[in-house]
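> Sending over a structure as structure tokens; questions will come in a sec.
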Amino acid sequence: MRHLFLSALLIIISLFASSNLTAQVAEPNLKWGHPTQQELEMTNYSPDPDADAVVLCKTTEVQYVITKDVLQVLYDVKGRIKILKPEGTKHASIDIFYTVNDGVEGNREVASHVKGTTFNLVNGQLERSELTSEMVNTLKAPDPKQKVLTLLFPDAKAGSVIEYEYTITSDLYREIKDWDAQCELPVAYTKYDVTIPEWFGFYVQTIGNEYNTSKITQQRTAKRPTYIIETSGAEYECLGVNFEFEGRRLTALKNEPLIFSPQVYAQRVIIDINTETLPRHTKHQYSMTWNEIDQFLLKHNNFGKLLNSNPLKKEMKKAGISQMKDVDEKIMATVRLLRQHVKWNGKYNLYGSPASQVLKNGRGSNTDINFMLIAMLNDAGINSYPAVLCARDIDIIDENRSTMKNFTSTIVVIDRGDRFQVFDGSMENATIDILPTKFLVSKARVIKKDNNNPWINLEDKGLELISHKFTGDIDQNGKLTATCVSTYHDKAAEQMRTEIKKQGEELFNNKLQSSQITVSDHKTQGIDDVEMPVTEIINFSCQLNNNDGSITLPQLIVPFIDEKLFKNDTRYNPIEFPTKIRETIDIAFTIPEGWEVADVPAPISLNTSDNTIVMAITPSTMGKMINVSTHFLINRLVFNKRDYKGIKNLVDRIVKQSKEPFILKKKN
């Protein structure tokens, strides 16, 4: 990542030309409406032979305009996609998101000048199929403030080239949309051209998973757009600050195991408008320091103004919560009381709704519930505050860039003096100090007055603590009859409760991951008590391999890592483990009379250089007992993609070793 701090200079930045590519890259075809013969005839994209389609070219031009004395931003977008395989036809549907904000004039965006064409070679002749109004549909977007325009291209098939263009006219001139250079398809060429009037101060940030390997060049240009402002019609010539970003041969964003969202690590450009100084107008400051953001939220009607609203005061008094001496007991009594009256509605929000309304509905977002708990705990004499964060599947908070742009939700922070505890209203199957996996971020900001230590790390608020204890007997025929008692604590207990309530017994159909294992009995304990661990007891039998008086016993009945997660030789994204994990497996099996252990597997202990991943298997024997003690630790959530080969090697070795068996033979 690099930061480009810019004054009123004219800069062209040619970005994302990866240094490991050949210098001779074919120039893009920027003649819209005229795909080349080469584009029409191409059958594969050599930098990504498996791609079912490729973005041949995409340009985005951003400029400010004044219409009827109203300042707006225009986004002119043009794109060309080549469909290479039949399954690539799904990319002949283009979604255009834009902000509607209930249609309020001066606070909305409009999509216009939509065009599209499908080009096909038929018997050597070029055929064009134009996009018609029936092929353009306006739909609701997941964000209620947005809509999505969907373009469905006609006659699209393997070999087609589709082109599209559109314009977004935005009243939100103080917010320039982020530019995403990468997408789910490989991109042969892309360009971002943005011109900002010198009346604005701004900040530019370039982000990208592979950005440090990119080659950057820059030079000055001069653009002097002329704007007519104010009703007097006075004309002002304004110096424009211009940027041009180029990307060539960008890899497709890959959906891989152990990643929340590849888009978080995509190469992109962010521009924040800081100040506005229009002629004959007072200077306006739009950017805020972190402390100013704190104060803004504390004064907000749907944030700070809700933190003292406790409609359950009478119920708290009746329950005697304030008189409880033990703080832990007081906290849990308050949480239980709140859960009796309000359930989570499945939504995560940054801002809340009035507590009286939430209580009346009996349902609310996680933040609605969190704000009510903060008020209740403070009334009970326990200092509690909100903390804001960005979910792991959305973005990563940069402490050096003070902005509210990416905050997605709020949690409760309970001040315990020497430590802090957390709570989130969405965690219906957990006690306090357990958060959703997507909230396990390295930076969340506590919002309160006189905030000396605002940043907190939440990565430890989702530890999976698991133990498995196997006991059993092996008979003369090699049949193993055993019991497994598994105990799940903390985040692991919450996940078990959630999955059991969702799937029921289906969850256990493949629990021991073997067609040779027969489960005779299964039961769980602690499902309905969130303050207790979950215990799972499975009675099962398994026919071991018995060949010519030799019984083979695998070291591990339950593998503690899924080797499929690391089956690929290469990695495109960082590795994001959902949670930190501490897991143990202890096995104690009795061998049959008249038999002995002829071969014991070698112990193995592997770890990363910083000991954030540790895997160990220690097999042993004593008399008639076979014992295996295993330990698995993940104490870090995010690893760089450069760490992938080392972690894969560690996993491959431990998986291979775990398959080394004990060999039992009859005594002579």
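Numbering starts fresh at 1 for the residues of each chain in the structure tokens, the chains themselves are lettered A, B, ... in the order given, and ligands are numbered from 1 as they appear.
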Show me, as a ChimeraX atom specification, the residues that have an atom within 9 Å of region 543-556 of chain A when counting only C-alpha atoms, minus same-chain residues fewer than 3 positions from it.

/A:474,477-481,516-517,559-560,585,587,601,617,619,627-628,630,657-666

> I'd like the contact shell of Leu350 (chain A) - 12 Å cut-off, only C-alpha atoms, skipping same-chain residues fewer than 5 positions apart - returned as a PyMOL selection string.

chain A and resi 297+300+302-304+365-371+386-391+404-411

> Taking the DSSP secondary structure from the backbone, can you list the residues of region 384-616 of chain A that are strand (DSSP E or B), as a ChimeraX atom specification?

/A:384-389,409-415,420-423,444-446,455-456,464-474,479-489,517-525,534-543,545-546,550-553,575-576,581-590,595-599,604-607,613-616

> From the list A:Ser402, A:Asp415, A:Asp178, A:Val600, which residue is nearest Val327 (chain A) when using only C-alpha atoms?

A:Asp415

> If we count only C-alpha atoms, what is near region 426-442 of chain A at a cut-off of 8 Å, once residues fewer than 3 positions away on the same chain are taken out, given as JSON, numbers by chain?

{"A": [260, 332, 344, 346, 348, 365, 366, 389, 390, 391, 392, 393, 421, 422, 423, 456, 457, 458, 459, 460, 461, 462, 490, 491, 493, 494, 495, 497, 498, 530, 531, 578, 579]}

> Mind checking which residues fall within 8 Å of Ile273 (chain A), counting only C-alpha atoms, ignoring those fewer than 6 positions away in the same chain, and posting them as a PyMOL selection string?

chain A and resi 174-176+200-203+286-287

> Those residues with C-alpha atoms, as a PDB file, in the first residue's frame please?


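Output below, filename result.pdb:
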ATOM      1  CA  ARG A 174     -18.250  15.285  -1.946  1.00  0.00           C
ATOM      2  CA  GLU A 175     -17.918  11.502  -2.321  1.00  0.00           C
ATOM      3  CA  ILE A 176     -16.005   9.987  -5.203  1.00  0.00           C
ATOM      4  CA  PHE A 200     -11.365  20.715  -3.434  1.00  0.00           C
ATOM      5  CA  GLY A 201      -8.683  19.371  -1.174  1.00  0.00           C
ATOM      6  CA  PHE A 202      -8.407  15.595  -1.285  1.00  0.00           C
ATOM      7  CA  TYR A 203      -6.506  12.490  -0.323  1.00  0.00           C
ATOM      8  CA  TYR A 286     -15.449  17.569   5.300  1.00  0.00           C
ATOM      9  CA  SER A 287     -12.798  15.272   6.657  1.00  0.00           C
TER      10      SER A 287
END

> Which parts of region 582-651 of chain A does DSSP call helix (DSSP H, G or I) when run on the backbone here, written out as JSON, numbers by chain?

{"A": [641, 642, 643, 644, 645, 646, 647, 648, 649, 650, 651]}

> Extract, using only C-alpha atoms, all DNA, RNA and protein residues at most 7 Å from Thr169 (chain A), discarding same-chain residues fewer than 4 positions from it, and format them as a list in words.

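Final neighbour list, sorted by chain and number: Gln72, Val73, Leu74, Tyr75, Glu109, Val110 and Ala111 of chain A.
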
> Just give me the gap between CA of Leu565 (chain A) and CA of Leu650 (chain A) in Å, one decimal is fine.

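Value for the CA of Leu565 (chain A)-CA of Leu650 (chain A) distance: 12.6 Å.
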
> May I ask which of the residues A:Thr251, A:Ser170, A:Ser93, A:Ser609 is the closest one to Asn137 (chain A), counting only C-alpha atoms?

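Of all the options, A:Ser93 lies closest to Asn137 (chain A).
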
> Nearest residue to Asp50 (chain A) out of A:Pro186, A:Ile447, A:Ile162, A:Thr89, using only C-alpha atoms?

A:Pro186

> For Val485 (chain A), please output as a PyMOL selection string all residues within 9 Å (counting only C-alpha atoms; exclusion window: fewer than 3 positions along the same chain).

chain A and resi 467-471+535-539

> For the residues selected in the previous step, produce a file with C-alpha atoms as a short mmCIF file (atom, residue, chain, number, x, y, z; two decimals), in the first residue's frame.


data_model
loop_
_atom_site.label_atom_id
_atom_site.label_comp_id
_atom_site.auth_asym_id
_atom_site.auth_seq_id
_atom_site.Cartn_x
_atom_site.Cartn_y
_atom_site.Cartn_z
CA SER A 467 -11.15 -31.34 23.39
CA HIS A 468 -11.89 -34.88 22.23
CA LYS A 469 -11.33 -37.93 24.45
CA PHE A 470 -11.56 -41.38 22.85
CA THR A 471 -11.68 -44.55 24.94
CA THR A 535 -20.65 -31.75 25.46
CA GLU A 536 -21.12 -34.32 22.73
CA ILE A 537 -20.99 -38.06 23.43
CA ILE A 538 -20.78 -40.52 20.54
CA ASN A 539 -20.70 -44.31 20.91
#

> Select, from A:Phe540, A:His522, A:Asn640, A:Thr584, the residue with the minimum atom-to-atom distance to Tyr488 (chain A), counting only C-alpha atoms.

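For Tyr488 (chain A), the nearest of the given residues is A:Thr584.
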
> Between CA of Val161 (chain A) and CA of Gly124 (chain A), measure the distance and give it in Å to one decimal.

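Answer for the CA of Val161 (chain A) to CA of Gly124 (chain A) separation: 14.5 Å.
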
> CA of Val446 (chain A) and CA of Glu292 (chain A) are how many Å apart?

13.1 Å
